[in-house]
Amino acid sequence: MSGSGEDTRPKSADGGDLIRVSCVRHSYEDGTTVHLCGLDFVVNRGQRVAVLGPNGSGKTTLLYHLLGLLRSREGEVRVFGVDPAQKWRAIRERIGVVLQNVDEQLLAPTVADDVAFSPRQYGLPESEVGRRVDATLAALGIEHLRHRAPHNLSGGEKRKAALAGALVMEPELLVLDEPFEGLDPASRSAMISLVRRLSEERGVTVVMSTHDIDSVPETADYAYVLAPGGAIVFSGTPEEVFAEADLLAQGNIKPPILAELFTALGRVSHDAPEPALSISDAVEALVRWRRGG
Amino acid sequence: MNIGRIDASATLGRSWLHRVSPVSKLLALTLVLAATIVTWNVLLLGSLALTLVAAAVSARLAGGLVATLIGYPAAFATIFAVSAATTPLGGVTIVLKAVTAALGAILLVLTTPYPFIFAPVQRVLPPLVGDALLMTYRSLFLLLEKFGNLLTAARLRAGLRGRHPVRSARAATHALGGLLIYSFDLAQRSYDIMRIRGYEGRLRVTVPRSASPRADGALIATAAGLLALSVTWRIEWQALNPYSWVLPFVPAAALVVALGSRWRKA
């Protein structure tokens, strides 16, 4: 859990951390400094980790350090045991990335070519490239977009195409920067299911920054909270994080509506049910509560 | 904006001409251009142009867009013809040559996405130049969208007003300046993304195979036939010229059929 409590994070089978970020400081050219300090940011194999925080708290800075796009002036960044800023080539095939602005991420003239971008760059034979592209497009249900130009796709389709490009190398780690931003409810639900399915079926470790608090209980099993300026002030399971209403308020983070409902119930009733963060759990808890169980 | 319309026509069209492979279309265009260069008979040139118009109609290309695009070469060729041609027939020949050649190129760009036209060329270019050509395509659309948004914002905030050309020009300049800065950022971010995704100095594009080999064959055969006819006419012009009036009938009939088919489907 948080800095003062016992660490309740699920440990990986081999006990090794996939990612470890310790007290990293980064200064931008405009003088803004992000100091990702406080708790260490640690991710174990198979985890789905959400990074929460207000604008300017350093979520994207943290992700860019994981991708070796930024070099830290202080502190330590380890991904798969190496500093990504120095040894990106050694680990890049193991990492898939979907950045915030997917428009800029889609590089090739058609979706199929874009998905094939990385395998071709890594020199895979064309037959293998074709097999991977077919399999990835099928897995995401976007075969029909194969020959479409990226600029003719909808927001949700672009995001799926970018995700396909990230998944085609069958990465062990998936880094998602605001994956649900700008999506309509249907596309958002589809993306949430997709992220869960990838993690559960393929064992992909997921690190995502998000403002979409309501998606966190469905997509993450662990969360880090960043305060303005980059301090990592809290970590825990979504239930633990959303129980810290004061801390969230300090960071301008509005808890999911269900967490707020159960907090309000707790205020008006001494025997209020335990908080639940999914609709089905909430219904079950409320029915039980109503029956007096 | 025409670039957007051209791209939409090329990427979203589903006609027989869209389904022909880009390589076949490039070959057919080369043959038609050769035919246009070889020919000096006005009726034969007119027949070539009519054939291309029939192809455009049967491919259901937007007539207004084709007319707009053909307008530029036609206008410049007319200026040249007026200043350089010694006879009216010579002037018409010059204009027809320009229009026919341009029509061939327009058919290609309206039915083939830009990257597929340049992919075969890219393979023989130095990697940096080839990659720049392909990256231009994506960047162009990102920048066009951004510029459109900037202009809309300027218009909504009363920055662009017909009655104040100086103020409007200033606002448009600001938008262009913003676009320039954004383009630098975009270039950096694009490179970052390419690096993350494993870029090692060569982009590759798969040119799709023909979805209709018969249509490929028919297109190339027609283009080759037109070139053969032009060469024959050039060599045997004295014997053949009396029969020139027959030439436009075939493409005219094809045009009528294409128009009829389009009208029925509409």
# chains A, B, ... in the order shown; residues from 1 in each chain; ligands from 1
$ interface_residues --of "chain B" --to "chain A" --cutoff "6 Å" --atoms "only C-alpha atoms" --output "count of residues only"
3
$ select_by_dssp --residues "stretch 154-209 of chain A" --states "strand (DSSP E or B)" --output "list in words"
Leu173, Leu174, Val175, Leu176, Asp177, Thr205, Val206, Val207, Met208 and Ser209 of chain A
$ write_last_selection --atoms "N, CA and C atoms" --output "JSON list (two decimals), in the first residue's frame"
[["chain", "number", "residue", "atom", "x", "y", "z"],
["A", 173, "LEU", "N", 5.35, -5.95, -22.16],
["A", 173, "LEU", "CA", 4.93, -4.75, -21.43],
["A", 173, "LEU", "C", 4.21, -3.81, -22.39],
["A", 174, "LEU", "N", 3.05, -3.34, -21.96],
["A", 174, "LEU", "CA", 2.29, -2.40, -22.78],
["A", 174, "LEU", "C", 2.18, -1.08, -22.03],
["A", 175, "VAL", "N", 2.65, -0.01, -22.65],
["A", 175, "VAL", "CA", 2.59, 1.31, -22.02],
["A", 175, "VAL", "C", 1.53, 2.14, -22.74],
["A", 176, "LEU", "N", 0.51, 2.57, -22.01],
["A", 176, "LEU", "CA", -0.61, 3.30, -22.62],
["A", 176, "LEU", "C", -0.73, 4.67, -21.96],
["A", 177, "ASP", "N", -0.67, 5.71, -22.78],
["A", 177, "ASP", "CA", -0.80, 7.07, -22.26],
["A", 177, "ASP", "C", -2.22, 7.55, -22.58],
["A", 205, "THR", "N", 1.95, -7.24, -19.18],
["A", 205, "THR", "CA", 1.98, -6.25, -18.10],
["A", 205, "THR", "C", 1.56, -4.90, -18.68],
["A", 206, "VAL", "N", 0.68, -4.21, -17.99],
["A", 206, "VAL", "CA", 0.16, -2.95, -18.54],
["A", 206, "VAL", "C", 0.45, -1.80, -17.58],
["A", 207, "VAL", "N", 1.01, -0.73, -18.13],
["A", 207, "VAL", "CA", 1.17, 0.51, -17.36],
["A", 207, "VAL", "C", 0.43, 1.59, -18.12],
["A", 208, "MET", "N", -0.53, 2.23, -17.47],
["A", 208, "MET", "CA", -1.28, 3.26, -18.21],
["A", 208, "MET", "C", -1.51, 4.49, -17.34],
["A", 209, "SER", "N", -1.35, 5.62, -17.96],
["A", 209, "SER", "CA", -1.72, 6.86, -17.27],
["A", 209, "SER", "C", -3.14, 7.19, -17.72]]
$ atom_distance --atom1 "atom CA of A:Leu137" --atom2 "atom CA of B:Tyr114"
23.3 Å
$ select_by_dssp --residues "stretch 42-77 of chain A" --states "alpha helix (DSSP H)" --output "list in words"
Lys59, Thr60, Thr61, Leu62, Leu63, Tyr64, His65 and Leu66 of chain A
$ write_last_selection --atoms "N, CA and C atoms" --output "tab-separated table (two decimals), in the first residue's frame"
chain	number	residue	atom	x	y	z
A	59	LYS	N	2.68	12.46	-15.19
A	59	LYS	CA	2.32	11.11	-15.64
A	59	LYS	C	3.03	10.77	-16.96
A	60	THR	N	2.91	11.71	-17.91
A	60	THR	CA	3.53	11.45	-19.20
A	60	THR	C	5.05	11.45	-19.08
A	61	THR	N	5.58	12.32	-18.20
A	61	THR	CA	7.03	12.34	-17.98
A	61	THR	C	7.50	10.97	-17.48
A	62	LEU	N	6.73	10.40	-16.58
A	62	LEU	CA	7.07	9.07	-16.05
A	62	LEU	C	7.09	8.04	-17.18
A	63	LEU	N	6.04	8.07	-18.01
A	63	LEU	CA	5.97	7.09	-19.11
A	63	LEU	C	7.11	7.31	-20.10
A	64	TYR	N	7.43	8.57	-20.40
A	64	TYR	CA	8.51	8.85	-21.36
A	64	TYR	C	9.86	8.36	-20.82
A	65	HIS	N	10.02	8.38	-19.51
A	65	HIS	CA	11.25	7.83	-18.94
A	65	HIS	C	11.29	6.31	-19.14
A	66	LEU	N	10.14	5.68	-19.00
A	66	LEU	CA	10.10	4.22	-19.19
A	66	LEU	C	10.46	3.85	-20.63
$ residues_around --residues "stretch 27-29 of chain A" --least-positions-apart "4" --cutoff "10 Å" --atoms "only C-alpha atoms" --output "mmCIF file with C-alpha atoms, in the first residue's frame"
data_model
loop_
_atom_site.group_PDB
_atom_site.id
_atom_site.type_symbol
_atom_site.label_atom_id
_atom_site.label_comp_id
_atom_site.auth_asym_id
_atom_site.auth_seq_id
_atom_site.Cartn_x
_atom_site.Cartn_y
_atom_site.Cartn_z
ATOM 1 C CA THR A 33 10.833 20.487 -13.250
ATOM 2 C CA VAL A 34 9.158 17.192 -12.507
ATOM 3 C CA HIS A 35 10.505 15.344 -9.508
ATOM 4 C CA THR A 61 7.034 12.338 -17.982
ATOM 5 C CA LEU A 70 13.682 11.295 -21.609
ATOM 6 C CA ARG A 71 16.957 10.919 -19.777
ATOM 7 C CA SER A 72 16.821 11.523 -16.056
ATOM 8 C CA ARG A 73 19.192 13.988 -14.430
#
$ residues_around --residues "A:Val225" --least-positions-apart "5" --cutoff "10 Å" --atoms "only C-alpha atoms" --output "tab-separated table (two decimals) with N, CA and C atoms, in the first residue's frame"
chain	number	residue	atom	x	y	z
A	2	SER	N	0.43	2.32	0.65
A	2	SER	CA	1.12	3.59	0.58
A	2	SER	C	2.46	3.53	1.28
A	39	LEU	N	7.34	7.69	-3.20
A	39	LEU	CA	7.40	6.23	-3.30
A	39	LEU	C	8.15	5.83	-4.57
A	50	ALA	N	-2.28	1.51	-13.00
A	50	ALA	CA	-2.75	2.83	-13.46
A	50	ALA	C	-1.94	3.91	-12.76
A	51	VAL	N	-1.62	4.95	-13.52
A	51	VAL	CA	-0.93	6.11	-12.94
A	51	VAL	C	-1.93	7.26	-12.95
A	52	LEU	N	-2.28	7.72	-11.76
A	52	LEU	CA	-3.29	8.77	-11.62
A	52	LEU	C	-2.66	10.06	-11.14
A	53	GLY	N	-3.23	11.15	-11.55
A	53	GLY	CA	-2.72	12.43	-11.08
A	53	GLY	C	-3.31	13.56	-11.89
A	54	PRO	N	-3.28	14.77	-11.34
A	54	PRO	CA	-3.83	15.91	-12.08
A	54	PRO	C	-2.91	16.30	-13.24
A	57	SER	N	1.21	16.65	-13.29
A	57	SER	CA	1.79	15.90	-12.17
A	57	SER	C	2.93	15.01	-12.64
A	59	LYS	N	2.68	12.46	-15.19
A	59	LYS	CA	2.32	11.11	-15.64
A	59	LYS	C	3.03	10.77	-16.96
A	230	GLY	N	4.96	16.01	-9.35
A	230	GLY	CA	5.53	14.69	-9.62
A	230	GLY	C	5.68	13.77	-8.43
A	231	ALA	N	5.43	14.26	-7.21
A	231	ALA	CA	5.60	13.38	-6.05
A	231	ALA	C	4.65	12.19	-6.14
A	232	ILE	N	5.22	10.99	-5.96
A	232	ILE	CA	4.36	9.78	-5.94
A	232	ILE	C	3.91	9.61	-4.50
A	233	VAL	N	2.65	9.98	-4.23
A	233	VAL	CA	2.21	10.11	-2.84
A	233	VAL	C	1.47	8.89	-2.31
A	234	PHE	N	1.00	8.04	-3.18
A	234	PHE	CA	0.21	6.92	-2.68
A	234	PHE	C	0.19	5.81	-3.71
A	235	SER	N	0.08	4.59	-3.23
A	235	SER	CA	-0.11	3.47	-4.15
A	235	SER	C	-0.93	2.40	-3.45
A	236	GLY	N	-1.62	1.62	-4.21
A	236	GLY	CA	-2.43	0.56	-3.63
A	236	GLY	C	-3.38	-0.01	-4.65
A	241	VAL	N	-6.93	2.91	-2.97
A	241	VAL	CA	-6.71	4.28	-3.45
A	241	VAL	C	-7.98	5.11	-3.33
A	247	LEU	N	-6.91	12.46	0.21
A	247	LEU	CA	-5.71	12.47	-0.63
A	247	LEU	C	-6.07	12.72	-2.10
A	248	LEU	N	-7.13	12.08	-2.54
A	248	LEU	CA	-7.57	12.27	-3.92
A	248	LEU	C	-8.00	13.72	-4.16
A	251	GLY	N	-5.19	16.01	-4.78
A	251	GLY	CA	-4.63	15.87	-6.13
A	251	GLY	C	-5.64	16.15	-7.22
A	253	ILE	N	-8.32	14.74	-7.91
A	253	ILE	CA	-8.81	13.51	-8.53
A	253	ILE	C	-10.18	13.20	-7.96
$ residues_around --residues "B:Val129" --least-positions-apart "6" --cutoff "12 Å" --atoms "only C-alpha atoms" --output "PyMOL selection string"
chain B and resi 118-119+121-123+135-136+201-203
$ residues_around --residues "A:Glu76" --least-positions-apart "5" --cutoff "10 Å" --atoms "only C-alpha atoms" --output "number ranges by chain"
A: 20-25, 40, 65, 71, 82-83
$ residues_around --residues "stretch 216-233 of chain B" --least-positions-apart "4" --cutoff "6 Å" --atoms "only C-alpha atoms" --output "PDB file with C-alpha atoms, in the first residue's frame"
ATOM      1  CA  VAL B  20      -6.574  -2.324 -60.645  1.00  0.00           C
ATOM      2  CA  ALA B  28      -0.994   2.181 -68.486  1.00  0.00           C
ATOM      3  CA  LEU B  31       1.624   4.016 -72.469  1.00  0.00           C
ATOM      4  CA  VAL B  32      -1.050   6.719 -72.704  1.00  0.00           C
ATOM      5  CA  ALA B  35       0.586   7.810 -77.235  1.00  0.00           C
ATOM      6  CA  THR B  39       0.151  11.763 -81.871  1.00  0.00           C
ATOM      7  CA  TRP B 237      -0.595   9.237 -91.653  1.00  0.00           C
TER       8      TRP B 237
END
